[in-house]
file my_file_36.cif (mmCIF, C-alpha atoms and all ligand atoms)
data_final
loop_
_atom_site.label_atom_id
_atom_site.label_comp_id
_atom_site.auth_asym_id
_atom_site.auth_seq_id
_atom_site.Cartn_x
_atom_site.Cartn_y
_atom_site.Cartn_z
CA MET R 1 -29.98 -14.45 -10.57
CA VAL R 2 -26.34 -13.46 -10.74
CA ASN R 3 -23.72 -16.23 -10.61
CA VAL R 4 -22.40 -16.36 -7.05
CA PHE R 5 -18.75 -16.73 -8.16
CA ARG R 6 -19.06 -13.77 -10.51
CA TYR R 7 -20.66 -11.61 -7.82
CA HIS R 8 -17.90 -12.37 -5.31
CA GLU R 9 -15.21 -11.84 -7.93
CA ILE R 10 -16.48 -8.27 -8.17
CA SER R 11 -17.48 -7.66 -4.55
CA GLU R 12 -14.21 -9.09 -3.18
CA SER R 13 -11.96 -7.71 -5.90
CA SER R 14 -9.89 -5.78 -3.34
CA HIS R 15 -9.73 -8.64 -0.82
CA ARG R 16 -6.88 -11.05 -0.32
CA ILE R 17 -8.63 -12.86 2.52
CA LEU R 18 -12.14 -13.96 1.50
CA ASN R 19 -13.59 -14.22 4.97
CA PRO R 20 -14.20 -11.84 7.89
CA LEU R 21 -10.92 -12.51 9.75
CA SER R 22 -8.45 -9.66 9.84
CA PHE R 23 -4.88 -10.18 8.63
CA ASP R 24 -3.63 -10.10 12.26
CA LYS R 25 -6.05 -12.85 13.23
CA VAL R 26 -4.81 -15.03 10.39
CA LEU R 27 -1.28 -14.57 11.77
CA LEU R 28 -2.60 -15.45 15.23
CA LEU R 29 -3.79 -18.78 13.85
CA GLY R 30 -0.23 -19.43 12.69
CA ASP R 31 1.00 -18.80 16.25
CA ILE R 32 -1.68 -20.96 17.82
CA CYS R 33 -0.83 -23.92 15.57
CA ARG R 34 2.93 -23.39 16.09
CA ILE R 35 3.47 -23.25 12.36
CA ALA R 36 7.19 -23.35 11.65
CA LYS R 37 9.71 -24.32 9.00
CA GLY R 38 8.69 -27.71 7.60
CA THR R 39 5.01 -27.54 8.60
CA ARG R 40 2.87 -28.89 5.72
CA LEU R 41 -0.60 -27.50 5.12
CA LEU R 42 -3.51 -28.49 2.93
CA ASP R 43 -6.01 -25.65 2.42
CA LEU R 44 -9.34 -26.79 0.96
CA ALA R 45 -11.20 -23.99 -0.87
CA CYS R 46 -8.13 -21.77 -0.52
CA GLY R 47 -9.54 -18.75 -2.36
CA LYS R 48 -6.72 -16.37 -3.34
CA GLY R 49 -4.23 -18.37 -1.25
CA GLU R 50 -3.25 -15.56 1.08
CA MET R 51 -3.10 -17.66 4.23
CA LEU R 52 -0.80 -20.27 2.66
CA CYS R 53 1.45 -17.64 1.08
CA ILE R 54 1.82 -15.71 4.35
CA PHE R 55 2.51 -18.85 6.39
CA ALA R 56 5.13 -19.81 3.81
CA ARG R 57 6.81 -16.41 3.75
CA ASP R 58 6.68 -15.55 7.46
CA LEU R 59 6.83 -18.98 9.11
CA GLY R 60 8.62 -21.24 6.59
CA ALA R 61 5.63 -23.52 5.98
CA SER R 62 4.80 -25.23 2.69
CA GLY R 63 1.50 -26.41 1.34
CA VAL R 64 -1.14 -27.11 -1.22
CA GLY R 65 -4.28 -25.08 -1.87
CA ILE R 66 -7.27 -26.36 -3.84
CA ASP R 67 -10.02 -24.14 -5.19
CA ILE R 68 -12.68 -24.56 -7.84
CA HIS R 69 -12.57 -20.99 -9.18
CA ALA R 70 -9.77 -20.42 -11.70
CA PRO R 71 -9.53 -16.60 -11.28
CA HIS R 72 -8.84 -17.06 -7.55
CA LEU R 73 -6.05 -19.49 -8.35
CA ALA R 74 -4.50 -17.07 -10.82
CA ASP R 75 -4.45 -14.48 -8.01
CA ALA R 76 -3.01 -17.05 -5.60
CA ARG R 77 -0.15 -17.97 -7.94
CA ALA R 78 0.60 -14.32 -8.65
CA ARG R 79 0.68 -13.63 -4.91
CA ALA R 80 3.04 -16.57 -4.33
CA THR R 81 5.39 -15.16 -6.95
CA GLU R 82 5.12 -11.66 -5.47
CA LEU R 83 6.06 -12.97 -2.03
CA GLY R 84 8.79 -15.26 -3.40
CA VAL R 85 7.17 -18.47 -2.09
CA GLU R 86 6.21 -20.09 -5.40
CA ARG R 87 8.39 -23.12 -4.65
CA ALA R 88 6.78 -23.65 -1.24
CA VAL R 89 3.11 -23.50 -2.26
CA THR R 90 1.14 -25.25 -4.99
CA PHE R 91 -2.32 -24.26 -6.11
CA ILE R 92 -4.56 -26.82 -7.77
CA GLU R 93 -7.83 -26.14 -9.57
CA GLY R 94 -10.53 -28.62 -8.64
CA ASP R 95 -13.36 -29.67 -6.38
CA ALA R 96 -12.02 -29.69 -2.82
CA GLY R 97 -14.83 -32.09 -1.94
CA ASP R 98 -13.05 -34.68 -4.07
CA PRO R 99 -9.38 -33.76 -3.80
CA PRO R 100 -6.71 -35.61 -5.79
CA GLU R 101 -4.30 -38.00 -4.08
CA LEU R 102 -1.61 -35.70 -2.70
CA GLY R 103 0.62 -38.21 -0.93
CA GLY R 104 1.22 -38.37 2.81
CA GLY R 105 -0.57 -36.67 5.66
CA PHE R 106 -0.56 -32.94 6.29
CA ASP R 107 0.26 -31.33 9.63
CA ILE R 108 -2.65 -28.93 9.19
CA VAL R 109 -5.76 -29.27 7.04
CA SER R 110 -7.93 -26.18 6.75
CA CYS R 111 -11.27 -25.31 5.24
CA ILE R 112 -12.02 -21.68 5.94
CA GLY R 113 -15.49 -20.59 4.92
CA ALA R 114 -16.53 -23.45 2.61
CA THR R 115 -17.82 -26.28 4.79
CA TRP R 116 -20.35 -27.21 2.13
CA ILE R 117 -17.57 -28.88 0.08
CA GLY R 118 -18.03 -32.23 1.84
CA GLY R 119 -21.82 -32.01 1.80
CA GLY R 120 -21.99 -30.08 5.10
CA LEU R 121 -19.83 -29.65 8.20
CA SER R 122 -19.72 -33.32 9.26
CA GLY R 123 -18.75 -34.57 5.79
CA THR R 124 -16.13 -31.84 5.44
CA LEU R 125 -14.62 -32.66 8.85
CA GLU R 126 -14.33 -36.30 7.79
CA LEU R 127 -12.68 -35.28 4.50
CA MET R 128 -10.18 -33.19 6.47
CA ARG R 129 -9.52 -35.82 9.14
CA GLN R 130 -8.53 -38.34 6.45
CA ARG R 131 -5.73 -36.05 5.26
CA VAL R 132 -4.17 -34.91 8.54
CA VAL R 133 -1.33 -36.70 10.37
CA PRO R 134 -2.14 -38.21 13.78
CA GLY R 135 -2.14 -35.38 16.32
CA GLY R 136 -2.33 -32.74 13.55
CA TRP R 137 -4.65 -29.76 13.47
CA LEU R 138 -7.86 -29.04 11.62
CA LEU R 139 -8.80 -25.39 11.04
CA VAL R 140 -12.47 -24.85 10.23
CA GLY R 141 -13.94 -21.46 9.39
CA GLU R 142 -17.65 -21.59 10.08
CA VAL R 143 -20.66 -19.37 10.75
CA TYR R 144 -22.38 -19.58 14.13
CA TRP R 145 -25.44 -17.80 15.49
CA ALA R 146 -24.27 -14.93 17.68
CA GLU R 147 -27.95 -14.27 18.49
CA PRO R 148 -30.98 -16.46 17.78
CA PRO R 149 -31.95 -15.59 14.18
CA PRO R 150 -35.48 -14.55 13.22
CA PRO R 151 -37.24 -17.28 11.19
CA HIS R 152 -36.59 -15.68 7.78
CA VAL R 153 -32.83 -15.49 8.46
CA LYS R 154 -32.76 -19.07 9.73
CA GLN R 155 -34.64 -20.11 6.59
CA LYS R 156 -32.17 -18.30 4.32
CA TYR R 157 -29.28 -20.29 5.81
CA ALA R 158 -31.14 -23.59 6.18
CA THR R 159 -29.42 -25.31 3.25
CA GLY R 160 -26.84 -27.93 4.14
CA GLN R 161 -26.73 -28.69 7.86
CA GLY R 162 -27.51 -25.13 9.01
CA PHE R 163 -25.68 -23.42 11.85
CA ALA R 164 -25.76 -23.46 15.65
CA ASP R 165 -24.81 -21.11 18.47
CA LEU R 166 -21.30 -21.44 19.89
CA ALA R 167 -22.19 -24.18 22.37
CA GLY R 168 -24.12 -25.99 19.64
CA THR R 169 -21.11 -25.61 17.35
CA LEU R 170 -19.03 -27.35 20.04
CA ASP R 171 -21.64 -30.13 20.00
CA ARG R 172 -21.21 -30.46 16.24
CA PHE R 173 -17.45 -30.92 16.62
CA GLU R 174 -17.84 -33.38 19.48
CA ALA R 175 -20.34 -35.37 17.44
CA ALA R 176 -17.54 -35.75 14.87
CA ASP R 177 -15.21 -36.97 17.66
CA LEU R 178 -13.01 -33.89 17.39
CA GLU R 179 -11.62 -31.87 20.27
CA LEU R 180 -12.08 -28.10 20.10
CA VAL R 181 -8.78 -26.75 21.44
CA GLU R 182 -8.78 -23.07 20.33
CA MET R 183 -10.71 -20.55 18.29
CA VAL R 184 -10.30 -17.12 16.73
CA LEU R 185 -13.56 -15.25 16.23
CA ALA R 186 -14.28 -12.32 13.92
CA SER R 187 -15.35 -9.20 15.81
CA PRO R 188 -18.31 -7.10 14.60
CA GLU R 189 -15.72 -4.65 13.23
CA ASP R 190 -14.01 -7.47 11.31
CA TRP R 191 -17.41 -8.36 9.83
CA ASP R 192 -18.01 -4.74 8.87
CA ARG R 193 -14.66 -4.56 7.09
CA TYR R 194 -15.50 -7.72 5.16
CA ALA R 195 -19.10 -6.78 4.32
CA ALA R 196 -18.98 -3.01 3.87
CA SER R 197 -15.83 -3.04 1.73
CA GLN R 198 -17.80 -5.18 -0.73
CA TRP R 199 -20.41 -2.44 -1.16
CA LEU R 200 -17.71 -0.05 -2.26
CA ASN R 201 -16.09 -2.58 -4.61
CA VAL R 202 -19.44 -3.17 -6.31
CA SER R 203 -20.14 0.55 -6.52
CA ASN R 204 -16.73 1.13 -8.15
CA TRP R 205 -17.31 -1.72 -10.60
CA LEU R 206 -20.76 -0.39 -11.58
CA ALA R 207 -19.31 3.07 -12.15
CA ALA R 208 -16.63 1.58 -14.43
CA ASN R 209 -19.00 -0.83 -16.22
CA PRO R 210 -22.37 0.94 -16.49
CA ASP R 211 -23.33 -0.85 -19.72
CA ASP R 212 -22.27 -4.34 -18.69
CA ALA R 213 -25.12 -6.83 -19.26
CA GLU R 214 -24.67 -8.10 -15.70
CA ALA R 215 -24.80 -4.65 -14.10
CA PRO R 216 -28.50 -4.68 -13.07
CA GLU R 217 -28.18 -8.10 -11.39
CA ILE R 218 -24.94 -7.17 -9.68
CA LEU R 219 -26.57 -4.01 -8.31
CA GLU R 220 -29.64 -5.93 -7.15
CA GLU R 221 -27.51 -8.53 -5.36
CA ARG R 222 -25.44 -5.81 -3.66
CA ASN R 223 -28.56 -3.98 -2.52
CA THR R 224 -30.25 -7.11 -1.18
CA SER R 225 -27.18 -8.41 0.63
CA ARG R 226 -26.44 -4.96 2.08
CA ARG R 227 -29.99 -4.63 3.45
CA ASP R 228 -29.96 -8.18 4.87
CA TYR R 229 -26.66 -7.46 6.59
CA LEU R 230 -27.85 -4.22 8.15
CA ALA R 231 -31.31 -5.48 9.11
CA ASP R 232 -30.43 -8.77 10.84
CA GLU R 233 -27.25 -10.49 9.80
CA ARG R 234 -24.82 -8.06 11.40
CA ARG R 235 -26.47 -8.86 14.74
CA CYS R 236 -27.12 -12.59 14.30
CA LEU R 237 -24.23 -13.99 12.28
CA GLY R 238 -20.99 -14.80 13.99
CA TRP R 239 -17.95 -16.23 12.28
CA GLY R 240 -14.81 -17.87 13.49
CA VAL R 241 -12.01 -20.27 12.80
CA PHE R 242 -12.18 -23.25 15.13
CA VAL R 243 -9.01 -25.20 15.90
CA LEU R 244 -9.63 -28.92 16.29
CA ARG R 245 -7.69 -32.06 17.00
CA ALA R 246 -8.66 -35.63 16.33
CA GLN R 247 -9.42 -37.43 19.62
CA GLY R 248 -6.96 -40.03 20.92
C1 LIG Y 301 -15.66 -17.75 1.40
S1 LIG Y 301 -14.42 -18.14 0.20
C2 LIG Y 301 -13.05 -18.55 1.29
C3 LIG Y 301 -11.72 -18.63 0.59
C4 LIG Y 301 -10.52 -18.82 1.49
N1 LIG Y 301 -10.61 -20.01 2.30
C5 LIG Y 301 -10.31 -17.61 2.39
O1 LIG Y 301 -10.70 -17.69 3.56
O2 LIG Y 301 -9.82 -16.58 1.89
C6 LIG Y 301 -14.97 -19.70 -0.38
C7 LIG Y 301 -14.08 -20.31 -1.44
O3 LIG Y 301 -14.57 -21.61 -1.73
C8 LIG Y 301 -14.33 -21.87 -3.10
N2 LIG Y 301 -15.15 -23.04 -3.45
C9 LIG Y 301 -16.49 -23.13 -3.48
N3 LIG Y 301 -16.87 -24.40 -3.74
C10 LIG Y 301 -15.72 -25.13 -3.87
C11 LIG Y 301 -15.43 -26.49 -4.13
N4 LIG Y 301 -16.41 -27.40 -4.29
N5 LIG Y 301 -14.15 -26.88 -4.20
C12 LIG Y 301 -13.14 -25.97 -4.04
N6 LIG Y 301 -13.35 -24.68 -3.79
C13 LIG Y 301 -14.62 -24.26 -3.69
C14 LIG Y 301 -14.66 -20.56 -3.77
O4 LIG Y 301 -14.12 -20.47 -5.07
C15 LIG Y 301 -14.03 -19.58 -2.77
O5 LIG Y 301 -12.69 -19.33 -3.10
#
call {"tool": "encode", "arguments": {"input": "my_file_36.cif", "output": "structure tokens", "more": "lines below"}}
Ligand SMILES: C[S@@+](CC[C@H](N)C(=O)[O-])C[C@H]1O[C@@H](n2cnc3c(N)ncnc32)[C@H](O)[C@@H]1O
result
Amino acid sequence: MVNVFRYHEISESSHRILNPLSFDKVLLLGDICRIAKGTRLLDLACGKGEMLCIFARDLGASGVGIDIHAPHLADARARATELGVERAVTFIEGDAGDPPELGGGFDIVSCIGATWIGGGLSGTLELMRQRVVPGGWLLVGEVYWAEPPPPHVKQKYATGQGFADLAGTLDRFEAADLELVEMVLASPEDWDRYAASQWLNVSNWLAANPDDAEAPEILEERNTSRRDYLADERRCLGWGVFVLRAQG
């Protein structure tokens, strides 16, 4: 089976945002959280660092991003330089489930699309809560069931703590003693942009690397994930960023 990091490196080669939210919706999150000059963010599993870099350039924020995949961090640092925010953002390679001591609380702690890092949603929320200032915001990007999934889809996503529908997702946050105060959901079109653009990236890579030893596995993974998306996942999988505050 192809390495999941390697597959996504190829399938998301043209992406700056490694999740189904559009660029405009990322900016909307900045508005919702009143990000302004001086706001400090910690982004766990930051990917290519686009969100941090944009919040730094457009809103005057600063922050730290942690990701386990070195090629993503190289992209993140290059992007920070390109946007002239390399003094405002720092990117650290490491396991975001065991982040280094970074000193002081952050105004916003985010984990967008990687809630497995703390052993599942509840562990990740606890990890985030420990690093946010009192009254600060947590931004969690998570899958929810937009429609009840057929058993084989539910089974595929049964690792970790699984997912719930939107009301059940609220229950998960309340069980962690967090208040859901806002959310930005990906539309079906946002999902299509995220998923379908990956088919083209893989196709382009295969055309450029026909003799690569990994080519057959990359093709197989693309074909399987494309069929799964079209058959069920496009209908059943929802995705959003949920804005939370610690109670009291
Ligand atoms: C779906 S991507 C989301 C990236 C980014 N948050 C975004 O929305 O663009 C998941 C990210 O989690 C990173 N990742 C996976 N496991 C990790 C871990 N244990 N610690 C840090 N990063 C991790 C991957 O390298 C990848 O960049």
call {"tool": "closest_residue", "arguments": {"input": "my_file_36.cif", "among": "R:Glu9, R:Glu182, R:Glu221, R:Asp165", "to": "ligand LIG 301 (chain Y)", "atoms": "all atoms listed in the file"}}
result
R:Glu9
call {"tool": "residues_near_ligand", "arguments": {"input": "my_file_36.cif", "ligand": "ligand LIG 301 (chain Y)", "cutoff": "9 Å", "atoms": "only C-alpha atoms and all ligand atoms", "output": "NGL selection string"}}
result
:R and (5 or 8 or 15-21 or 43-51 or 66-73 or 93-99 or 110-118 or 141)
call {"tool": "write_last_selection", "arguments": {"input": "my_file_36.cif", "atoms": "C-alpha atoms", "output": "mmCIF file, in the frame of the given file"}}
result
data_model
loop_
_atom_site.group_PDB
_atom_site.id
_atom_site.type_symbol
_atom_site.label_atom_id
_atom_site.label_comp_id
_atom_site.auth_asym_id
_atom_site.auth_seq_id
_atom_site.Cartn_x
_atom_site.Cartn_y
_atom_site.Cartn_z
ATOM 1 C CA PHE R 5 -18.750 -16.730 -8.160
ATOM 2 C CA HIS R 8 -17.900 -12.370 -5.310
ATOM 3 C CA HIS R 15 -9.730 -8.640 -0.820
ATOM 4 C CA ARG R 16 -6.880 -11.050 -0.320
ATOM 5 C CA ILE R 17 -8.630 -12.860 2.520
ATOM 6 C CA LEU R 18 -12.140 -13.960 1.500
ATOM 7 C CA ASN R 19 -13.590 -14.220 4.970
ATOM 8 C CA PRO R 20 -14.200 -11.840 7.890
ATOM 9 C CA LEU R 21 -10.920 -12.510 9.750
ATOM 10 C CA ASP R 43 -6.010 -25.650 2.420
ATOM 11 C CA LEU R 44 -9.340 -26.790 0.960
ATOM 12 C CA ALA R 45 -11.200 -23.990 -0.870
ATOM 13 C CA CYS R 46 -8.130 -21.770 -0.520
ATOM 14 C CA GLY R 47 -9.540 -18.750 -2.360
ATOM 15 C CA LYS R 48 -6.720 -16.370 -3.340
ATOM 16 C CA GLY R 49 -4.230 -18.370 -1.250
ATOM 17 C CA GLU R 50 -3.250 -15.560 1.080
ATOM 18 C CA MET R 51 -3.100 -17.660 4.230
ATOM 19 C CA ILE R 66 -7.270 -26.360 -3.840
ATOM 20 C CA ASP R 67 -10.020 -24.140 -5.190
ATOM 21 C CA ILE R 68 -12.680 -24.560 -7.840
ATOM 22 C CA HIS R 69 -12.570 -20.990 -9.180
ATOM 23 C CA ALA R 70 -9.770 -20.420 -11.700
ATOM 24 C CA PRO R 71 -9.530 -16.600 -11.280
ATOM 25 C CA HIS R 72 -8.840 -17.060 -7.550
ATOM 26 C CA LEU R 73 -6.050 -19.490 -8.350
ATOM 27 C CA GLU R 93 -7.830 -26.140 -9.570
ATOM 28 C CA GLY R 94 -10.530 -28.620 -8.640
ATOM 29 C CA ASP R 95 -13.360 -29.670 -6.380
ATOM 30 C CA ALA R 96 -12.020 -29.690 -2.820
ATOM 31 C CA GLY R 97 -14.830 -32.090 -1.940
ATOM 32 C CA ASP R 98 -13.050 -34.680 -4.070
ATOM 33 C CA PRO R 99 -9.380 -33.760 -3.800
ATOM 34 C CA SER R 110 -7.930 -26.180 6.750
ATOM 35 C CA CYS R 111 -11.270 -25.310 5.240
ATOM 36 C CA ILE R 112 -12.020 -21.680 5.940
ATOM 37 C CA GLY R 113 -15.490 -20.590 4.920
ATOM 38 C CA ALA R 114 -16.530 -23.450 2.610
ATOM 39 C CA THR R 115 -17.820 -26.280 4.790
ATOM 40 C CA TRP R 116 -20.350 -27.210 2.130
ATOM 41 C CA ILE R 117 -17.570 -28.880 0.080
ATOM 42 C CA GLY R 118 -18.030 -32.230 1.840
ATOM 43 C CA GLY R 141 -13.940 -21.460 9.390
#
call {"tool": "residues_around", "arguments": {"input": "my_file_36.cif", "residues": "segment 224-235 of chain R", "least_positions_apart": "2", "cutoff": "10 Å", "atoms": "only C-alpha atoms", "output": "count of residues only"}}
result
22
call {"tool": "closest_residue", "arguments": {"input": "my_file_36.cif", "among": "R:Tyr7, R:Glu179, R:Ala186, R:Tyr144", "to": "Ala167 of chain R", "atoms": "only C-alpha atoms"}}
result
R:Tyr144
call {"tool": "closest_residue", "arguments": {"input": "my_file_36.cif", "among": "R:Lys156, R:Met1, R:Phe106, R:Leu180", "to": "Glu217 of chain R", "atoms": "only C-alpha atoms"}}
result
R:Met1
call {"tool": "residues_around", "arguments": {"input": "my_file_36.cif", "residues": "segment 28-41 of chain R", "least_positions_apart": "2", "cutoff": "7 Å", "atoms": "all atoms listed in the file", "output": "PDB file with C-alpha atoms, in the coordinates of the input"}}
result
ATOM      1  CA  ASP R  24      -3.630 -10.100  12.260  1.00  0.00           C
ATOM      2  CA  LYS R  25      -6.050 -12.850  13.230  1.00  0.00           C
ATOM      3  CA  VAL R  26      -4.810 -15.030  10.390  1.00  0.00           C
ATOM      4  CA  ASP R  43      -6.010 -25.650   2.420  1.00  0.00           C
ATOM      5  CA  PHE R  55       2.510 -18.850   6.390  1.00  0.00           C
ATOM      6  CA  LEU R  59       6.830 -18.980   9.110  1.00  0.00           C
ATOM      7  CA  GLY R  60       8.620 -21.240   6.590  1.00  0.00           C
ATOM      8  CA  ALA R  61       5.630 -23.520   5.980  1.00  0.00           C
ATOM      9  CA  SER R  62       4.800 -25.230   2.690  1.00  0.00           C
ATOM     10  CA  GLY R  63       1.500 -26.410   1.340  1.00  0.00           C
ATOM     11  CA  VAL R  64      -1.140 -27.110  -1.220  1.00  0.00           C
ATOM     12  CA  PHE R 106      -0.560 -32.940   6.290  1.00  0.00           C
ATOM     13  CA  ASP R 107       0.260 -31.330   9.630  1.00  0.00           C
ATOM     14  CA  ILE R 108      -2.650 -28.930   9.190  1.00  0.00           C
ATOM     15  CA  VAL R 109      -5.760 -29.270   7.040  1.00  0.00           C
TER      16      VAL R 109
END
call {"tool": "closest_residue", "arguments": {"input": "my_file_36.cif", "among": "R:Thr90, R:Gln130, R:Ser122, R:Ser187", "to": "Ser22 of chain R", "atoms": "all atoms listed in the file"}}
result
R:Ser187
call {"tool": "atom_distance", "arguments": {"input": "my_file_36.cif", "atom1": "atom CA of Ala88 of chain R", "atom2": "atom CA of Ala56 of chain R"}}
result
6.6 Å
call {"tool": "atom_distance", "arguments": {"input": "my_file_36.cif", "atom1": "atom CA of Cys236 of chain R", "atom2": "atom CA of Arg193 of chain R"}}
result
16.5 Å
call {"tool": "atom_distance", "arguments": {"input": "my_file_36.cif", "atom1": "atom CA of Gly136 of chain R", "atom2": "atom CA of Gly168 of chain R"}}
result
23.6 Å
call {"tool": "axis_aligned_box", "arguments": {"input": "my_file_36.cif", "around": "segment 134-150 of chain R", "padding_each_side": "4 Å", "output": "lines of an AutoDock Vina configuration file"}}
result
center_x = -18.8
center_y = -26.2
center_z = 13.9
size_x = 41.3
size_y = 31.9
size_z = 17.1
call {"tool": "closest_residue", "arguments": {"input": "my_file_36.cif", "among": "R:Asp177, R:Leu52, R:Val143, R:Leu102", "to": "Glu86 of chain R", "atoms": "all atoms listed in the file"}}
result
R:Leu52
call {"tool": "closest_residue", "arguments": {"input": "my_file_36.cif", "among": "R:Ile218, R:Leu166, R:Leu139, R:Leu178", "to": "Trp239 of chain R", "atoms": "all atoms listed in the file"}}
result
R:Leu166
call {"tool": "decode", "arguments": {"input": "my_file_36.cif", "residues": "segment 147-159 of chain R", "atoms": "N, CA and C atoms", "output": "PDB file, in the first residue's frame"}}
result
ATOM      1  N   GLU R 147     -24.985  12.666   5.805  1.00  0.00           N
ATOM      2  CA  GLU R 147     -26.072  11.692   5.668  1.00  0.00           C
ATOM      3  C   GLU R 147     -25.609  10.437   6.382  1.00  0.00           C
ATOM      4  N   PRO R 148     -26.542   9.642   6.914  1.00  0.00           N
ATOM      5  CA  PRO R 148     -26.104   8.396   7.562  1.00  0.00           C
ATOM      6  C   PRO R 148     -25.313   7.544   6.567  1.00  0.00           C
ATOM      7  N   PRO R 149     -24.096   7.123   6.912  1.00  0.00           N
ATOM      8  CA  PRO R 149     -23.279   6.368   5.958  1.00  0.00           C
ATOM      9  C   PRO R 149     -23.714   4.918   5.871  1.00  0.00           C
ATOM     10  N   PRO R 150     -23.594   4.298   4.685  1.00  0.00           N
ATOM     11  CA  PRO R 150     -23.815   2.849   4.619  1.00  0.00           C
ATOM     12  C   PRO R 150     -22.727   2.144   5.445  1.00  0.00           C
ATOM     13  N   PRO R 151     -23.004   0.916   5.881  1.00  0.00           N
ATOM     14  CA  PRO R 151     -22.085   0.234   6.815  1.00  0.00           C
ATOM     15  C   PRO R 151     -20.628   0.201   6.343  1.00  0.00           C
ATOM     16  N   HIS R 152     -20.388  -0.021   5.028  1.00  0.00           N
ATOM     17  CA  HIS R 152     -18.995  -0.145   4.598  1.00  0.00           C
ATOM     18  C   HIS R 152     -18.254   1.195   4.697  1.00  0.00           C
ATOM     19  N   VAL R 153     -18.979   2.303   4.550  1.00  0.00           N
ATOM     20  CA  VAL R 153     -18.338   3.622   4.688  1.00  0.00           C
ATOM     21  C   VAL R 153     -18.057   3.894   6.167  1.00  0.00           C
ATOM     22  N   LYS R 154     -19.053   3.562   7.002  1.00  0.00           N
ATOM     23  CA  LYS R 154     -18.862   3.740   8.448  1.00  0.00           C
ATOM     24  C   LYS R 154     -17.655   2.925   8.918  1.00  0.00           C
ATOM     25  N   GLN R 155     -17.566   1.705   8.406  1.00  0.00           N
ATOM     26  CA  GLN R 155     -16.455   0.817   8.779  1.00  0.00           C
ATOM     27  C   GLN R 155     -15.113   1.415   8.363  1.00  0.00           C
ATOM     28  N   LYS R 156     -15.065   1.989   7.160  1.00  0.00           N
ATOM     29  CA  LYS R 156     -13.813   2.555   6.646  1.00  0.00           C
ATOM     30  C   LYS R 156     -13.294   3.661   7.571  1.00  0.00           C
ATOM     31  N   TYR R 157     -14.227   4.411   8.160  1.00  0.00           N
ATOM     32  CA  TYR R 157     -13.826   5.553   9.000  1.00  0.00           C
ATOM     33  C   TYR R 157     -13.991   5.259  10.489  1.00  0.00           C
ATOM     34  N   ALA R 158     -13.976   3.969  10.841  1.00  0.00           N
ATOM     35  CA  ALA R 158     -14.244   3.597  12.234  1.00  0.00           C
ATOM     36  C   ALA R 158     -13.018   3.715  13.128  1.00  0.00           C
ATOM     37  N   THR R 159     -11.843   3.945  12.554  1.00  0.00           N
ATOM     38  CA  THR R 159     -10.649   4.043  13.400  1.00  0.00           C
ATOM     39  C   THR R 159     -10.746   5.310  14.254  1.00  0.00           C
TER      40      THR R 159
END
